[in-house]
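Participant: After the structure tokens below, expect a handful of questions from me.
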Amino acid sequence: MGKTRLKVTGMQIAFHIGANCTDEDRLLKSILKNGDLLADHHIKAPGPGKYRALIRETIQQLDGAAPEPDARQVLLDAIDDADDTQRLVMSNANFICIPNRIFDHGLFYEQSAFKMRGLISLFPGDEIEVFCGLRDPATFLPAAFQDSKADVFGDFLQGTPLGDIRWSDVIRRIRDTAPEAKLTVWCNEDTPLIWGDLVRRIAGLPADTPIDGGHDLLATIMSPDGMNRFTTYIRKHPPKTAEQERKIIMAFLDKFALEDEIEEVIDLPDLNGPIVQALSDAYDDDVAMIAAMPDVTFISP
């Protein structure tokens with residue numbers, strides 16, 4: 001008869017919940033590039049196949065009921081094969097729901113409270129950290145609609161008025177459901193400037209830790225020549241602060257950004273110019289409201 005492994009109690013569990021249509025798993029890939037570094041800090045980022053379906057199905061099966069006393073241990077044994085893990089990092093852009101269900105019952109991310117309540121119940125006594133990227137509804141809606149199973153934009157919205165699409169409502173719902181969890185939020189539009197910071201924060205590494213993949217996203221929106229020049233420059237002139245690094249990135253993007261990669265074309269008849277502008281203006285106000293929330297850590301350039 002095999003022994004039951006003893007797990008460290010009171011772990012840190014970092015859960016990156018997307019949102020849908022933001023970084024497309026690039027953050028997770030950048031984190032996974034640092035496996036040895038994470039191991040040195042007793043941090044584990046398992047492959048997504050070990051936990052995505054498992055956690056989703058467990059929460060759905062519970063359907064709001066309390067889990068069995070040994071549920072946490074069973075999950076950890078299935079997800080993590082290390083004995084000394086102190087921080088577990090998991091990522092799933094579809095954690096709250098798949099794109100097809102973003103507007104269930106005519107409410108933007110209606111399932112957010114249910115999913116967060118389930119997650120908290122599965123890991124009692126652990127220190128939960130939740131990370132979530134936001135996206136301008138003007139570009140988020142076409143992308144999510146394209147990823148959904150809906151053929152008609154109105155069916156995708158399920159009757160939700162465009163004026164009711166506010167990320168602050170989702171953040172408040174998460175905050176009210178899991179007040180003890182640490183919540184970190186940022187705008188997807190800013191990710192090229194804060195990528196390394198995000199990787200370190202989600203992984204739980206000190207802010208000054210050298211990492212691999214800290215400029216992965218930048219490489220997708222900058223010309224190869226510009227990227228080579230940027231890499232050479234920061235190697236010769238290492239930035240002393242995150243703010244200094246962001247200024248350097250912005251300077252190189254001004255000269256070497258790939259316009260096709262940074263300009264998003266909105267090709268959806270339901271979203272004309274005035275509607276797009278109204279959505280973006282409302283998003284700016286909404287983000288300012290979220291950034292001012294006292295119990296939310298908001299990352300900006």
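Identifiers for the structure tokens are assigned positionally: chains receive A, B, ... in sequence, residues are indexed from 1 per chain, and ligands are indexed from 1 in the order shown.
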For segment 249-266 of chain A, work out the shell of residues within 6 Å, counting only C-alpha atoms and skipping chain neighbours fewer than 2 positions away, then give it as number ranges by chain.

Facilitator: A: 221-223, 226, 246-247, 268

Participant: Which parts of segment 47-287 of chain A does DSSP call strand (DSSP E) when run on the backbone here, written out as an NGL selection string?

Facilitator: :A and (87-91 or 127-134 or 182-187)

Participant: Go ahead and dump the residues you just picked, N, CA and C atoms, as a PDB file, in the first residue's frame.

Facilitator:
```pdb
ATOM      1  N   ARG A  87       4.116  27.603  -3.676  1.00  0.00           N
ATOM      2  CA  ARG A  87       3.224  28.424  -4.499  1.00  0.00           C
ATOM      3  C   ARG A  87       2.871  27.637  -5.762  1.00  0.00           C
ATOM      4  N   LEU A  88       1.588  27.541  -6.040  1.00  0.00           N
ATOM      5  CA  LEU A  88       1.086  26.817  -7.198  1.00  0.00           C
ATOM      6  C   LEU A  88       0.476  27.829  -8.167  1.00  0.00           C
ATOM      7  N   VAL A  89       0.942  27.811  -9.411  1.00  0.00           N
ATOM      8  CA  VAL A  89       0.501  28.786 -10.412  1.00  0.00           C
ATOM      9  C   VAL A  89      -0.311  28.077 -11.490  1.00  0.00           C
ATOM     10  N   MET A  90      -1.542  28.534 -11.686  1.00  0.00           N
ATOM     11  CA  MET A  90      -2.416  27.942 -12.695  1.00  0.00           C
ATOM     12  C   MET A  90      -3.045  29.046 -13.540  1.00  0.00           C
ATOM     13  N   SER A  91      -3.322  28.734 -14.802  1.00  0.00           N
ATOM     14  CA  SER A  91      -3.862  29.728 -15.716  1.00  0.00           C
ATOM     15  C   SER A  91      -4.922  29.098 -16.606  1.00  0.00           C
ATOM     16  N   GLU A 127      -3.737  30.634   0.558  1.00  0.00           N
ATOM     17  CA  GLU A 127      -3.698  32.048   0.205  1.00  0.00           C
ATOM     18  C   GLU A 127      -3.937  32.178  -1.294  1.00  0.00           C
ATOM     19  N   ILE A 128      -5.137  32.600  -1.661  1.00  0.00           N
ATOM     20  CA  ILE A 128      -5.526  32.656  -3.064  1.00  0.00           C
ATOM     21  C   ILE A 128      -5.213  34.029  -3.658  1.00  0.00           C
ATOM     22  N   GLU A 129      -4.572  34.025  -4.815  1.00  0.00           N
ATOM     23  CA  GLU A 129      -4.337  35.245  -5.577  1.00  0.00           C
ATOM     24  C   GLU A 129      -4.968  35.079  -6.955  1.00  0.00           C
ATOM     25  N   VAL A 130      -5.730  36.075  -7.368  1.00  0.00           N
ATOM     26  CA  VAL A 130      -6.429  36.032  -8.647  1.00  0.00           C
ATOM     27  C   VAL A 130      -5.878  37.134  -9.547  1.00  0.00           C
ATOM     28  N   PHE A 131      -5.568  36.774 -10.792  1.00  0.00           N
ATOM     29  CA  PHE A 131      -5.016  37.723 -11.753  1.00  0.00           C
ATOM     30  C   PHE A 131      -5.917  37.760 -12.979  1.00  0.00           C
ATOM     31  N   CYS A 132      -6.239  38.973 -13.438  1.00  0.00           N
ATOM     32  CA  CYS A 132      -7.172  39.096 -14.550  1.00  0.00           C
ATOM     33  C   CYS A 132      -6.836  40.283 -15.442  1.00  0.00           C
ATOM     34  N   GLY A 133      -6.679  40.019 -16.736  1.00  0.00           N
ATOM     35  CA  GLY A 133      -6.481  41.081 -17.706  1.00  0.00           C
ATOM     36  C   GLY A 133      -7.811  41.495 -18.311  1.00  0.00           C
ATOM     37  N   LEU A 134      -7.980  42.781 -18.538  1.00  0.00           N
ATOM     38  CA  LEU A 134      -9.202  43.323 -19.128  1.00  0.00           C
ATOM     39  C   LEU A 134      -8.917  43.730 -20.577  1.00  0.00           C
ATOM     40  N   LYS A 182      -6.418  37.918  -2.905  1.00  0.00           N
ATOM     41  CA  LYS A 182      -5.747  39.079  -3.473  1.00  0.00           C
ATOM     42  C   LYS A 182      -6.113  39.151  -4.956  1.00  0.00           C
ATOM     43  N   LEU A 183      -6.464  40.332  -5.425  1.00  0.00           N
ATOM     44  CA  LEU A 183      -6.924  40.488  -6.803  1.00  0.00           C
ATOM     45  C   LEU A 183      -6.047  41.507  -7.531  1.00  0.00           C
ATOM     46  N   THR A 184      -5.449  41.077  -8.638  1.00  0.00           N
ATOM     47  CA  THR A 184      -4.592  41.934  -9.444  1.00  0.00           C
ATOM     48  C   THR A 184      -5.168  42.040 -10.845  1.00  0.00           C
ATOM     49  N   VAL A 185      -5.247  43.262 -11.354  1.00  0.00           N
ATOM     50  CA  VAL A 185      -5.915  43.533 -12.626  1.00  0.00           C
ATOM     51  C   VAL A 185      -5.041  44.447 -13.485  1.00  0.00           C
ATOM     52  N   TRP A 186      -5.149  44.303 -14.802  1.00  0.00           N
ATOM     53  CA  TRP A 186      -4.437  45.175 -15.734  1.00  0.00           C
ATOM     54  C   TRP A 186      -5.224  45.232 -17.042  1.00  0.00           C
ATOM     55  N   CYS A 187      -4.822  46.130 -17.912  1.00  0.00           N
ATOM     56  CA  CYS A 187      -5.443  46.244 -19.234  1.00  0.00           C
ATOM     57  C   CYS A 187      -4.605  45.476 -20.254  1.00  0.00           C
TER      58      CYS A 187
END
```

Participant: Using only C-alpha atoms, which residues sit within 8 Å of Arg26 of chain A once same-chain residues fewer than 3 positions away are excluded, as a count of residues only?

Facilitator: 5

Participant: Output as number ranges by chain all residues of segment 3-104 of chain A that backbone DSSP marks as alpha helix (DSSP H).

Facilitator: A: 26-32, 35-40, 52-62, 71-79

Participant: May I have the residues within 12 Å of Glu24 of chain A as number ranges by chain, using only C-alpha atoms and disregarding those fewer than 2 positions away in the same chain?

Facilitator: A: 16-22, 26-30, 91-94, 133, 143-144, 147, 188, 217

Participant: Counting only C-alpha atoms, which residues of segment 15-115 of chain A fall within 10 Å of segment 206-212 of chain A, and what is the closest atom pair for each with its distance in Å at one decimal, ordered by chain and rising number, as a tab-separated table?

Facilitator:
```
residue	atom	partner	partner_atom	distance
A:Ser30	CA	A:Asp212	CA	7.2
A:Ile31	CA	A:Asp212	CA	8.2
A:Leu32	CA	A:Asp212	CA	9.2
A:Lys33	CA	A:Asp212	CA	6.2
A:Asn34	CA	A:Asp212	CA	6.1
A:Gly35	CA	A:Asp212	CA	9.8
A:Leu37	CA	A:Ile211	CA	8.0
A:Leu38	CA	A:Ile211	CA	9.9
```

Participant: Can you pull out the residues contacting Pro137 of chain A? Cut-off 12 Å, using only C-alpha atoms, and skip same-chain residues under 2 positions away; I want them as a PyMOL selection string.

Facilitator: chain A and resi 19-22+108+134-135+139-145+162-167+187-189+266+271+275-284+286-287

Participant: Pick the closest to Ala78 of chain A from A:Ile174, A:Ala53, A:Leu218, A:Ala113: which is it, counting only C-alpha atoms?

Facilitator: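 Checking each candidate against Ala78 of chain A, we get A:Ala53 as the closest.
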
Participant: Enter the distance from atom CA of Asp197 of chain A to atom CA of Pro239 of chain A, in Å, rounded to one decimal.

Facilitator: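 The value is 13.3 Å.
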
Participant: Which residues come within 12 Å of Ile55 of chain A, counting only C-alpha atoms, excluding same-chain residues fewer than 2 positions away, as number ranges by chain?

Facilitator: A: 15, 48-53, 57-62, 71-72, 74-76, 78-79, 90-92, 94-96, 115-116, 118-123

Participant: Just the number, please: distance in Å from atom CA of His41 of chain A to atom CA of Ala203 of chain A, one decimal.

Facilitator: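 Atom CA of Ala203 of chain A lies at a distance of 9.8 Å from atom CA of His41 of chain A.
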
Participant: Just to confirm, what's the straight-line distance from atom CA of Pro179 of chain A to atom CA of Asp295 of chain A in Å (one decimal)?

Facilitator: 8.5 Å

Participant: Using only C-alpha atoms, pick whichever of A:Lys149, A:Lys44, A:Arg235, A:Arg173 has the shortest atom-to-atom distance to Gln111 of chain A.

Facilitator: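 Checking each candidate against Gln111 of chain A, we get A:Arg173 as the closest.
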
Participant: Which is closer to Gln73 of chain A than all the others in A:Gly10, A:Asp155, A:Ser168, A:Ala181, using only C-alpha atoms?

Facilitator: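 Ranking A:Gly10, A:Asp155, A:Ser168, A:Ala181 by distance to Gln73 of chain A, first place goes to A:Gly10.
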